[in-house]
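J.: Below is the file work-v5.cif, with mmCIF, C-alpha atoms.
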data_start
loop_
_atom_site.label_atom_id
_atom_site.label_comp_id
_atom_site.auth_asym_id
_atom_site.auth_seq_id
_atom_site.Cartn_x
_atom_site.Cartn_y
_atom_site.Cartn_z
CA MET A 238 43.34 -45.88 6.37
CA LEU A 239 43.92 -45.96 10.12
CA ASP A 240 45.17 -42.36 10.05
CA ASP A 241 42.05 -41.21 8.20
CA ILE A 242 39.82 -43.03 10.67
CA GLY A 243 41.80 -41.62 13.58
CA VAL A 244 42.96 -44.78 15.35
CA ASP A 245 46.41 -46.16 16.09
CA SER A 246 45.75 -49.83 15.26
CA GLU A 247 43.13 -52.13 13.80
CA ALA A 248 42.48 -53.55 17.28
CA GLU A 249 40.80 -50.24 18.17
CA LEU A 250 38.15 -50.94 15.53
CA PHE A 251 36.75 -53.76 17.66
CA ASP A 252 34.96 -53.44 20.98
CA ILE A 253 35.50 -56.84 22.61
CA PRO A 254 34.46 -57.20 26.28
CA ASP A 255 37.33 -58.21 28.55
CA GLU A 256 35.51 -61.32 29.77
CA VAL A 257 35.52 -62.85 26.29
CA ALA A 258 38.71 -61.32 24.87
CA PHE A 259 41.54 -63.75 24.10
CA ASP A 260 44.26 -63.44 26.75
CA GLY A 261 46.86 -65.46 24.87
CA GLU A 262 46.12 -68.78 26.59
CA LEU A 263 43.69 -71.37 25.17
CA GLY A 264 43.52 -73.35 28.42
CA ILE A 265 43.77 -76.65 26.56
CA GLU A 266 46.25 -79.15 27.92
CA GLN A 267 48.72 -80.46 25.35
CA ARG A 268 48.21 -84.18 24.74
CA SER A 269 49.26 -86.84 22.28
CA GLU A 270 47.09 -87.86 19.37
CA ARG A 271 46.38 -91.22 21.02
CA ALA A 272 45.23 -89.53 24.23
CA VAL A 273 42.91 -87.19 22.34
CA VAL A 274 41.39 -90.06 20.33
CA SER A 275 40.85 -92.05 23.53
CA GLU A 276 39.09 -89.13 25.20
CA LEU A 277 36.87 -88.53 22.19
CA ARG A 278 35.85 -92.20 22.14
CA GLU A 279 34.85 -91.96 25.79
CA THR A 280 32.86 -88.79 25.08
CA PHE A 281 31.06 -90.25 22.08
CA ALA A 282 30.23 -93.39 24.08
CA GLN A 283 28.06 -91.21 26.33
CA ASN A 284 25.61 -90.53 23.49
CA ASP A 285 22.22 -92.19 23.84
CA ASP A 286 21.90 -95.23 21.60
CA LEU A 287 18.45 -94.45 20.21
CA VAL A 288 16.63 -95.46 17.07
CA GLU A 289 15.36 -92.16 15.71
CA PHE A 290 11.83 -91.81 14.34
CA LEU A 291 12.40 -88.08 13.93
CA GLY A 292 11.47 -85.94 10.94
CA ARG A 293 9.96 -82.46 10.69
CA GLY A 294 12.34 -81.30 7.98
CA HIS A 295 15.32 -83.60 8.54
CA TYR A 296 15.06 -87.04 6.94
CA SER A 297 17.24 -90.11 6.89
CA HIS A 298 17.41 -92.14 3.68
CA TYR A 299 19.99 -94.76 2.85
CA VAL A 300 22.93 -93.17 1.04
CA PRO A 301 24.67 -95.59 -1.36
CA SER A 302 28.37 -96.18 -0.71
CA LEU A 303 29.01 -94.99 -4.26
CA VAL A 304 28.08 -91.46 -3.15
CA ASP A 305 30.51 -91.51 -0.23
CA ASN A 306 33.38 -92.89 -2.28
CA LEU A 307 33.03 -90.71 -5.36
CA SER A 308 32.28 -87.45 -3.55
CA ALA A 309 35.33 -87.98 -1.30
CA ARG A 310 37.70 -87.78 -4.27
CA SER A 311 40.11 -84.91 -3.70
CA GLU A 312 39.06 -82.98 -6.81
CA PHE A 313 35.57 -82.74 -5.31
CA LEU A 314 36.24 -82.59 -1.60
CA THR A 315 38.84 -79.83 -1.72
CA SER A 316 37.17 -77.74 -4.42
CA TYR A 317 35.86 -74.26 -3.74
CA THR A 318 33.35 -72.45 -5.95
CA GLN A 319 34.04 -73.37 -9.57
CA TYR A 320 35.12 -69.94 -10.81
CA GLN A 321 37.72 -71.31 -13.23
CA PRO A 322 35.89 -73.45 -15.80
CA GLU A 323 39.08 -74.51 -17.53
CA ILE A 324 40.03 -76.66 -14.52
CA THR A 325 36.61 -77.59 -13.10
CA GLN A 326 34.66 -79.01 -16.02
CA GLY A 327 33.77 -82.23 -14.17
CA PHE A 328 32.36 -80.46 -11.13
CA LEU A 329 30.54 -77.88 -13.24
CA GLN A 330 28.94 -80.65 -15.29
CA ALA A 331 27.81 -82.39 -12.09
CA LEU A 332 26.19 -79.16 -10.89
CA PHE A 333 24.56 -78.71 -14.29
CA GLU A 334 23.09 -82.20 -13.90
CA TYR A 335 21.92 -81.28 -10.39
CA GLN A 336 20.11 -78.25 -11.79
CA SER A 337 18.67 -80.39 -14.59
CA ILE A 338 17.31 -82.92 -12.09
CA LEU A 339 15.54 -80.11 -10.22
CA THR A 340 14.01 -78.67 -13.38
CA GLU A 341 12.68 -82.10 -14.35
CA LEU A 342 11.18 -82.69 -10.91
CA THR A 343 9.63 -79.22 -10.55
CA GLY A 344 8.63 -78.55 -14.16
CA LEU A 345 10.17 -75.09 -13.84
CA PRO A 346 12.91 -74.09 -16.29
CA VAL A 347 15.42 -72.44 -13.93
CA ALA A 348 17.17 -74.00 -10.93
CA ASN A 349 20.26 -72.67 -9.20
CA ALA A 350 23.38 -74.58 -8.24
CA SER A 351 22.89 -74.66 -4.48
CA MET A 352 21.40 -72.93 -1.45
CA TYR A 353 22.14 -73.25 2.25
CA ASP A 354 18.97 -75.13 3.21
CA ALA A 355 15.18 -75.10 2.86
CA ALA A 356 14.71 -72.27 5.35
CA THR A 357 17.09 -69.85 3.65
CA ALA A 358 15.68 -70.82 0.25
CA LEU A 359 12.29 -69.64 1.52
CA GLY A 360 13.88 -66.40 2.68
CA GLU A 361 15.38 -65.89 -0.77
CA ALA A 362 11.97 -66.55 -2.37
CA ALA A 363 10.44 -63.81 -0.23
CA LEU A 364 13.13 -61.33 -1.24
CA LEU A 365 12.71 -62.31 -4.89
CA ALA A 366 8.97 -61.65 -4.62
CA GLU A 367 9.65 -58.19 -3.24
CA ARG A 368 11.96 -57.42 -6.17
CA VAL A 369 9.72 -58.65 -8.99
CA ARG A 370 6.20 -57.74 -7.86
CA ALA A 371 5.11 -54.62 -9.74
CA ALA A 372 2.22 -53.63 -7.47
CA SER A 373 2.56 -52.27 -3.94
CA GLY A 374 2.46 -54.61 -0.99
CA SER A 375 4.78 -56.15 1.54
CA THR A 376 3.06 -59.14 3.17
CA VAL A 377 4.44 -62.68 3.04
CA LEU A 378 1.87 -65.32 4.06
CA VAL A 379 3.08 -68.60 5.55
CA PRO A 380 1.30 -71.43 7.44
CA GLU A 381 0.88 -70.88 11.16
CA ALA A 382 2.28 -74.38 11.71
CA LEU A 383 5.50 -73.61 9.83
CA ARG A 384 8.47 -75.20 11.58
CA GLU A 385 9.86 -72.75 14.11
CA GLY A 386 13.39 -72.70 12.74
CA LYS A 387 12.16 -72.04 9.22
CA ARG A 388 9.89 -69.26 10.46
CA GLU A 389 12.72 -67.60 12.38
CA THR A 390 15.11 -67.85 9.43
CA LEU A 391 12.53 -66.22 7.17
CA ALA A 392 12.10 -63.39 9.69
CA ASN A 393 15.86 -62.84 9.76
CA TYR A 394 16.05 -62.76 5.97
CA VAL A 395 13.34 -60.14 5.56
CA ASP A 396 14.57 -57.99 8.45
CA GLY A 397 15.73 -54.74 6.92
CA SER A 398 13.45 -55.08 3.91
CA GLN A 399 9.93 -53.70 3.63
CA LEU A 400 8.45 -57.19 4.04
CA THR A 401 6.34 -58.40 6.94
CA VAL A 402 5.49 -62.04 7.64
CA GLU A 403 1.97 -63.08 8.58
CA THR A 404 0.36 -66.49 9.00
CA TYR A 405 -2.76 -68.36 7.93
CA PRO A 406 -4.26 -71.39 9.71
CA TYR A 407 -4.28 -75.09 8.91
CA GLU A 408 -7.22 -77.49 9.01
CA GLU A 409 -6.56 -81.23 9.21
CA GLY A 410 -2.84 -80.56 8.92
CA THR A 411 -3.15 -78.72 5.59
CA VAL A 412 -4.24 -75.30 4.28
CA ASP A 413 -7.52 -73.86 5.54
CA THR A 414 -8.44 -72.42 2.16
CA ASP A 415 -11.30 -70.27 3.45
CA ALA A 416 -9.04 -68.62 6.02
CA LEU A 417 -6.33 -68.17 3.42
CA ALA A 418 -8.80 -66.52 1.05
CA ASP A 419 -9.64 -64.03 3.80
CA ALA A 420 -5.94 -63.36 4.45
CA VAL A 421 -4.81 -62.79 0.85
CA ASP A 422 -5.26 -59.21 -0.36
CA ASP A 423 -3.55 -56.57 -2.48
CA GLU A 424 -0.80 -56.21 0.10
CA THR A 425 0.29 -59.83 -0.35
CA VAL A 426 3.51 -60.36 -2.31
CA LEU A 427 4.08 -64.06 -1.61
CA VAL A 428 1.96 -67.01 -0.48
CA TYR A 429 3.90 -70.01 0.75
CA ALA A 430 2.43 -73.51 1.06
CA GLU A 431 4.25 -76.79 1.44
CA THR A 432 3.64 -80.44 0.74
CA PRO A 433 4.21 -82.56 2.66
CA THR A 434 3.40 -80.18 5.48
CA VAL A 435 5.28 -80.06 8.75
CA ALA A 436 2.85 -82.73 10.00
CA GLY A 437 3.69 -85.00 7.08
CA ALA A 438 0.31 -84.48 5.40
CA VAL A 439 0.09 -84.23 1.62
CA GLU A 440 -1.48 -80.87 0.69
CA PRO A 441 -4.64 -81.35 -1.44
CA ALA A 442 -5.37 -77.67 -2.19
CA LEU A 443 -2.25 -76.45 -3.99
CA GLU A 444 -4.10 -75.28 -7.10
CA THR A 445 -6.49 -73.30 -4.91
CA VAL A 446 -3.54 -71.67 -3.15
CA ALA A 447 -2.00 -70.81 -6.52
CA ASP A 448 -5.27 -69.27 -7.74
CA LEU A 449 -5.64 -67.19 -4.58
CA ALA A 450 -2.11 -65.86 -5.00
CA ASP A 451 -2.63 -65.18 -8.70
CA ASP A 452 -5.83 -63.24 -8.06
CA THR A 453 -3.82 -60.53 -6.30
CA ASP A 454 -0.68 -60.81 -8.47
CA ALA A 455 1.22 -62.39 -5.59
CA LEU A 456 3.77 -65.14 -6.18
CA PHE A 457 3.06 -68.70 -5.10
CA ALA A 458 6.05 -70.39 -3.46
CA TYR A 459 5.76 -74.17 -3.26
CA GLY A 460 7.74 -75.97 -0.55
CA SER A 461 8.73 -79.63 -0.70
CA ASP A 462 11.79 -81.90 -0.77
CA ILE A 463 13.54 -83.76 -3.53
CA VAL A 464 12.21 -87.21 -2.59
CA ALA A 465 8.59 -86.09 -2.35
CA LEU A 466 8.92 -84.39 -5.73
CA GLY A 467 9.61 -87.81 -7.18
CA LEU A 468 5.98 -88.79 -6.54
CA LEU A 469 3.83 -85.69 -6.23
CA GLU A 470 2.43 -83.78 -9.18
CA GLU A 471 5.05 -81.41 -10.47
CA PRO A 472 4.80 -77.92 -8.94
CA ALA A 473 4.61 -76.12 -12.30
CA ALA A 474 1.41 -78.03 -13.09
CA VAL A 475 -0.34 -76.63 -9.99
CA GLY A 476 0.75 -73.04 -10.63
CA ALA A 477 3.97 -72.65 -8.64
CA ASP A 478 6.06 -69.58 -9.44
CA VAL A 479 8.95 -70.61 -7.19
CA VAL A 480 9.83 -73.97 -5.63
CA VAL A 481 11.96 -74.15 -2.50
CA GLY A 482 12.79 -76.98 -0.16
CA GLU A 483 15.34 -79.50 0.97
CA ALA A 484 17.58 -81.31 -1.49
CA ALA A 485 19.78 -83.07 1.07
CA SER A 486 17.07 -85.69 1.67
CA LEU A 487 19.22 -87.40 -0.96
CA GLY A 488 22.98 -87.57 -0.59
CA LEU A 489 23.31 -86.85 3.13
CA PRO A 490 22.29 -88.75 6.25
CA ALA A 491 20.01 -86.81 8.59
CA ALA A 492 22.21 -84.24 10.32
CA ASP A 493 19.41 -82.30 12.07
CA GLY A 494 20.76 -79.02 10.77
CA MET A 495 23.04 -79.53 7.78
CA GLY A 496 21.22 -79.45 4.45
CA THR A 497 21.08 -78.15 0.91
CA GLY A 498 18.29 -75.87 -0.23
CA LEU A 499 16.71 -76.32 -3.62
CA PHE A 500 15.47 -73.32 -5.56
CA ALA A 501 13.67 -73.33 -8.92
CA CYS A 502 11.55 -70.71 -10.63
CA ARG A 503 9.96 -69.47 -13.84
CA ASP A 504 11.97 -68.02 -16.73
CA ASP A 505 10.66 -64.56 -15.86
CA PHE A 506 12.83 -64.52 -12.75
CA LEU A 507 16.04 -65.77 -14.34
CA ARG A 508 18.09 -62.69 -13.47
CA GLN A 509 16.60 -62.51 -9.99
CA VAL A 510 17.75 -65.97 -8.89
CA PRO A 511 20.04 -65.90 -5.83
CA GLY A 512 23.38 -67.66 -5.85
CA ARG A 513 24.77 -69.08 -9.08
CA LEU A 514 23.65 -70.77 -12.26
CA VAL A 515 25.77 -73.27 -14.17
CA GLY A 516 25.21 -73.19 -17.92
CA ALA A 517 26.27 -75.24 -20.94
CA ALA A 518 28.04 -73.54 -23.83
CA GLU A 519 30.74 -74.32 -26.39
CA ASP A 520 34.46 -73.71 -26.21
CA GLU A 521 36.57 -72.35 -29.08
CA SER A 522 36.77 -75.87 -30.53
CA SER A 523 32.96 -76.20 -30.57
CA ARG A 524 33.06 -78.75 -27.77
CA ARG A 525 30.36 -78.70 -25.09
CA ALA A 526 31.62 -76.87 -22.03
CA PHE A 527 30.22 -75.71 -18.71
CA THR A 528 30.65 -72.47 -16.80
CA LEU A 529 29.05 -70.28 -14.18
CA THR A 530 26.81 -68.24 -16.46
CA LEU A 531 25.11 -66.14 -13.80
CA GLN A 532 26.52 -64.95 -10.48
CA THR A 533 24.28 -62.43 -8.79
CA ARG A 534 26.39 -61.76 -5.70
CA GLU A 535 27.73 -58.36 -4.75
CA GLN A 536 31.22 -59.77 -5.36
CA HIS A 537 30.50 -60.16 -9.08
CA ILE A 538 28.11 -57.35 -10.08
CA ARG A 539 27.17 -53.84 -9.00
CA LYS A 540 25.87 -53.79 -5.46
CA GLU A 541 22.52 -52.30 -6.42
CA ARG A 542 21.94 -55.18 -8.85
CA ALA A 543 22.92 -57.98 -6.48
CA THR A 544 20.14 -60.35 -5.50
CA SER A 545 21.84 -62.12 -2.62
CA ASN A 546 25.08 -62.31 -0.71
CA ILE A 547 24.98 -66.09 -0.41
CA CYS A 548 28.61 -67.15 -0.50
CA THR A 549 29.18 -70.40 1.38
CA ASN A 550 30.04 -73.09 -1.14
CA GLN A 551 27.29 -75.73 -0.99
CA ALA A 552 28.39 -77.29 -4.25
CA TRP A 553 29.85 -80.43 -2.65
CA VAL A 554 26.56 -81.24 -0.94
CA ALA A 555 24.63 -80.57 -4.15
CA LEU A 556 27.10 -82.90 -5.88
CA ARG A 557 26.19 -85.67 -3.42
CA THR A 558 22.49 -85.07 -4.05
CA ALA A 559 23.03 -85.33 -7.80
CA MET A 560 25.06 -88.53 -7.39
CA HIS A 561 22.38 -90.12 -5.21
CA ALA A 562 19.57 -89.11 -7.57
CA ALA A 563 21.49 -90.42 -10.59
CA THR A 564 22.17 -93.69 -8.79
CA LEU A 565 18.45 -94.15 -8.11
CA GLY A 566 17.32 -93.10 -11.55
CA ALA A 567 13.77 -91.95 -12.29
CA ASP A 568 12.15 -95.28 -11.39
CA GLY A 569 14.23 -95.69 -8.25
CA LEU A 570 13.35 -92.22 -7.01
CA ALA A 571 9.66 -92.85 -7.66
CA ASP A 572 9.87 -96.17 -5.81
CA LEU A 573 11.58 -94.51 -2.84
CA ALA A 574 8.89 -91.83 -2.71
CA ASP A 575 6.09 -94.39 -3.04
CA SER A 576 7.54 -96.46 -0.20
CA SER A 577 7.59 -93.32 1.97
CA VAL A 578 3.80 -93.20 1.67
CA ARG A 579 3.29 -96.92 2.20
CA ARG A 580 5.54 -97.12 5.26
CA ALA A 581 3.81 -94.19 6.95
CA HIS A 582 0.38 -95.65 6.20
CA GLY A 583 1.32 -99.09 7.50
CA LEU A 584 2.95 -97.90 10.72
CA ALA A 585 0.08 -95.51 11.48
CA ALA A 586 -2.40 -98.37 11.10
CA GLU A 587 -0.43 -100.51 13.58
CA ILE A 588 -0.19 -97.68 16.11
CA ASP A 589 -3.90 -96.96 15.75
CA GLU A 590 -4.64 -100.44 17.13
CA ILE A 591 -3.19 -99.49 20.54
CA ASP A 592 -5.80 -98.64 23.19
CA GLY A 593 -5.91 -94.92 23.99
CA VAL A 594 -3.80 -94.01 20.96
CA ALA A 595 -4.99 -92.73 17.57
CA ALA A 596 -3.02 -92.41 14.33
CA PRO A 597 -2.84 -90.57 12.07
CA VAL A 598 -4.39 -87.50 13.67
CA HIS A 599 -5.16 -85.86 10.34
CA ASP A 600 -7.47 -87.37 7.73
CA ARG A 601 -4.94 -86.97 4.95
CA HIS A 602 -2.44 -88.95 2.93
CA HIS A 603 0.93 -88.85 4.64
CA PHE A 604 4.50 -88.87 3.39
CA ARG A 605 7.11 -90.41 5.71
CA GLU A 606 5.60 -89.01 8.91
CA PHE A 607 2.35 -88.51 10.77
CA GLN A 608 1.06 -87.33 14.11
CA VAL A 609 -0.19 -89.61 16.88
CA SER A 610 -2.73 -88.61 19.53
CA VAL A 611 -2.30 -89.86 23.10
CA ALA A 612 -5.21 -87.77 24.39
CA ASP A 613 -7.05 -90.90 25.60
CA ALA A 614 -3.98 -92.50 27.14
CA PRO A 615 -3.08 -92.23 30.85
CA VAL A 616 0.16 -90.36 30.02
CA ASP A 617 0.71 -87.15 28.08
CA ALA A 618 2.98 -86.69 25.08
CA SER A 619 6.10 -85.75 27.07
CA GLU A 620 5.73 -88.72 29.41
CA THR A 621 5.13 -91.00 26.43
CA ALA A 622 8.20 -89.73 24.61
CA ALA A 623 10.31 -90.14 27.76
CA GLY A 624 9.07 -93.71 28.13
CA LEU A 625 9.93 -94.43 24.52
CA ARG A 626 13.43 -93.03 25.07
CA ASP A 627 13.87 -95.46 27.95
CA HIS A 628 13.04 -98.22 25.47
CA GLY A 629 15.54 -96.87 22.93
CA TYR A 630 13.32 -94.84 20.59
CA ALA A 631 13.23 -91.10 19.84
CA VAL A 632 10.10 -89.33 18.57
CA HIS A 633 8.96 -85.71 18.42
CA THR A 634 6.38 -84.25 20.79
CA VAL A 635 3.84 -81.78 19.39
CA GLY A 636 2.07 -80.05 22.24
CA ASP A 637 0.77 -81.94 25.25
CA GLN A 638 -1.21 -84.65 23.52
CA ARG A 639 0.58 -85.49 20.28
CA LEU A 640 3.67 -87.26 19.06
CA GLN A 641 5.11 -87.21 15.56
CA VAL A 642 6.64 -90.31 14.03
CA CYS A 643 8.75 -90.51 10.86
CA VAL A 644 9.56 -93.83 9.17
CA THR A 645 11.95 -94.47 6.28
CA GLU A 646 13.98 -97.43 5.04
CA THR A 647 16.69 -96.62 7.62
CA ASN A 648 14.51 -97.25 10.69
CA GLU A 649 11.83 -99.54 9.26
CA HIS A 650 13.54 -102.54 10.89
CA ALA A 651 12.65 -101.11 14.34
CA THR A 652 8.95 -100.39 13.80
CA ASP A 653 7.77 -103.55 15.60
CA GLY A 654 9.81 -102.58 18.65
CA LEU A 655 8.47 -99.02 18.55
CA VAL A 656 4.86 -100.23 18.46
CA ALA A 657 5.45 -102.66 21.32
CA ALA A 658 7.17 -99.97 23.39
CA LEU A 659 4.37 -97.46 22.71
CA GLN A 660 1.79 -100.01 23.77
CA GLU A 661 3.66 -100.63 27.01
CA VAL A 662 4.27 -96.95 27.79
CA THR A 663 0.61 -95.96 27.23
CA ALA A 664 -0.94 -98.95 29.01
#
Before we go any further, please render this structure as structure tokens.

T.:
Amino acid sequence: MLDDIGVDSEAELFDIPDEVAFDGELGIEQRSERAVVSELRETFAQNDDLVEFLGRGHYSHYVPSLVDNLSARSEFLTSYTQYQPEITQGFLQALFEYQSILTELTGLPVANASMYDAATALGEAALLAERVRAASGSTVLVPEALREGKRETLANYVDGSQLTVETYPYEEGTVDTDALADAVDDETVLVYAETPTVAGAVEPALETVADLADDTDALFAYGSDIVALGLLEEPAAVGADVVVGEAASLGLPAADGMGTGLFACRDDFLRQVPGRLVGAAEDESSRRAFTLTLQTREQHIRKERATSNICTNQAWVALRTAMHAATLGADGLADLADSSVRRAHGLAAEIDEIDGVAAPVHDRHHFREFQVSVADAPVDASETAAGLRDHGYAVHTVGDQRLQVCVTETNEHATDGLVAALQEVTA
């Protein structure tokens, strides 16, 4: 191969600048294990000890110890993609249950085994829409307030396709339906709306969004997360064609980056689903068995028929989500979701009593999080957030005059301190 290419070695295939090329020395002093552990402890001790009231896509819910202990079993923790069903029946069944949980929550009949995260799931939905839409068109419509990282990931996913991404405005933290109606046309292939929105507001106009998409034969992609789906009306009932979002709200602590994307869709798109599908069948003894029934990667089918090149194995994280959801049960999940509304409502009401501060900013129901205005306070949002950090609390800033606060069962114990600190900082 090297002769045909016309080079002497494989090293000539790579153009690595000298300043970053490996020179044979790592520059790391050799030390004992005890010395390394001691240094790491000193490094970790420098982290700020803050109570986080952060959200905007990354949420902290209590993860039962059962999830940690069971998922850490070697047959789960060391497993790669379950290509060999004869030795991975347990893991395949767990993934089948994960898919089943998603289909129950979304009302849609098809859910895949795992995605990277909510942002890449949205990117896959856009590419699916391009593949299945019969009419011409290349526009993907998303909210103008879409979280920056999700927006950038979507742009990366559609780069190289014929798709373009455009935005529509929000009003009161949710869809401005009149503006969206003006934006949707025959060039639209996908309309994306989410609930809760990036501001934590519950979207009241989902059926309208679905109708606007349907009027032009565009797909409606519904964005949410697995906890919110335990309370909100199921997406299929409001006209969703595809559901994407975050599944790691269960099973993982907030990692501010690590996640698991959920992806569900209508039967029509079964063979267009990215990633893998686990199915139930029978073995030669007529016993129920599980296997990967659909693998749409380039590795498994002809390149021109591949739907995605997703290949990182997210199965272990999906397993944790399934374990957590099964531990909660249907009633437990509904209770957790309901408490996410009640906690946000209660904390917003307390904050609203502070002079110069108003909460929530948007006249909507809220799920977990809400925005706070400090427009009438003597300090702006950045100064307020810095003051809260000095008191041991972390919140998001949204522009110059707003904060965003997220409350769950993991930080509820600190809400009184947060309110007192906010009152002091804005006095």

J.: Hey, can you check how far CA of Leu584 (chain A) sits from CA of Ala618 (chain A)?

T.: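 Value for the CA of Leu584 (chain A)-CA of Ala618 (chain A) distance: 18.2 Å.
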
J.: Taking all atoms listed in the file into account, which of A:Ala331, A:Leu456, A:Ala477, A:Ala348 comes nearest Arg557 (chain A)?

T.: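 Result for the nearest residue to Arg557 (chain A): A:Ala331.
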
J.: Exactly which residues make up the result of the PyMOL selection byres ((chain A and resi 349) around 10) on this file, given as an MDAnalysis selection string?

T.: chainID A and resid 332:333 335:337 339:340 347:348 350:352 498:502 507 510:515 531

J.: Deliver the residues from the most recent selection as a file, using C-alpha atoms, as a compact mmCIF listing (two decimals), keeping the file's coordinate frame.

T.:
# COMPACT_ATOMS: atom_id res chain seq x y z
CA LEU A 332 26.19 -79.16 -10.89
CA PHE A 333 24.56 -78.71 -14.29
CA TYR A 335 21.92 -81.28 -10.39
CA GLN A 336 20.11 -78.25 -11.79
CA SER A 337 18.67 -80.39 -14.59
CA LEU A 339 15.54 -80.11 -10.22
CA THR A 340 14.01 -78.67 -13.38
CA VAL A 347 15.42 -72.44 -13.93
CA ALA A 348 17.17 -74.00 -10.93
CA ALA A 350 23.38 -74.58 -8.24
CA SER A 351 22.89 -74.66 -4.48
CA MET A 352 21.40 -72.93 -1.45
CA GLY A 498 18.29 -75.87 -0.23
CA LEU A 499 16.71 -76.32 -3.62
CA PHE A 500 15.47 -73.32 -5.56
CA ALA A 501 13.67 -73.33 -8.92
CA CYS A 502 11.55 -70.71 -10.63
CA LEU A 507 16.04 -65.77 -14.34
CA VAL A 510 17.75 -65.97 -8.89
CA PRO A 511 20.04 -65.90 -5.83
CA GLY A 512 23.38 -67.66 -5.85
CA ARG A 513 24.77 -69.08 -9.08
CA LEU A 514 23.65 -70.77 -12.26
CA VAL A 515 25.77 -73.27 -14.17
CA LEU A 531 25.11 -66.14 -13.80

J.: Please write as a PyMOL selection string the full residue list that the PyMOL selection byres ((chain A and resi 644-658) around 9) yields on this file.

T.: chain A and resi 288-292+296-299+573+576-577+580-581+584+587-588+591+605-606+624-625+628-630+642-643+659-663

J.: Could you give me, as a ChimeraX atom specification, the residues within 8 Å of Leu556 (chain A), counting all atoms listed in the file and dropping anything in the same chain fewer than 2 positions from it?

T.: /A:308,328,331-332,335,552-554,558-560

J.: I'd like to know which of A:Ser523, A:Tyr394, A:Leu468, A:Val377 is closest to Val578 (chain A), using all atoms listed in the file.

T.: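 Counting all atoms listed in the file, the residue closest to Val578 (chain A) is A:Leu468.
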
J.: I want to know what sits within 9 Å of Gln321 (chain A), based on all atoms listed in the file, with residues of the same chain fewer than 5 positions away left out; could you give that as a list in words?

T.: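 Near Gln321 (chain A), the qualifying residues are Gln326, Thr528 and Leu529 of chain A.
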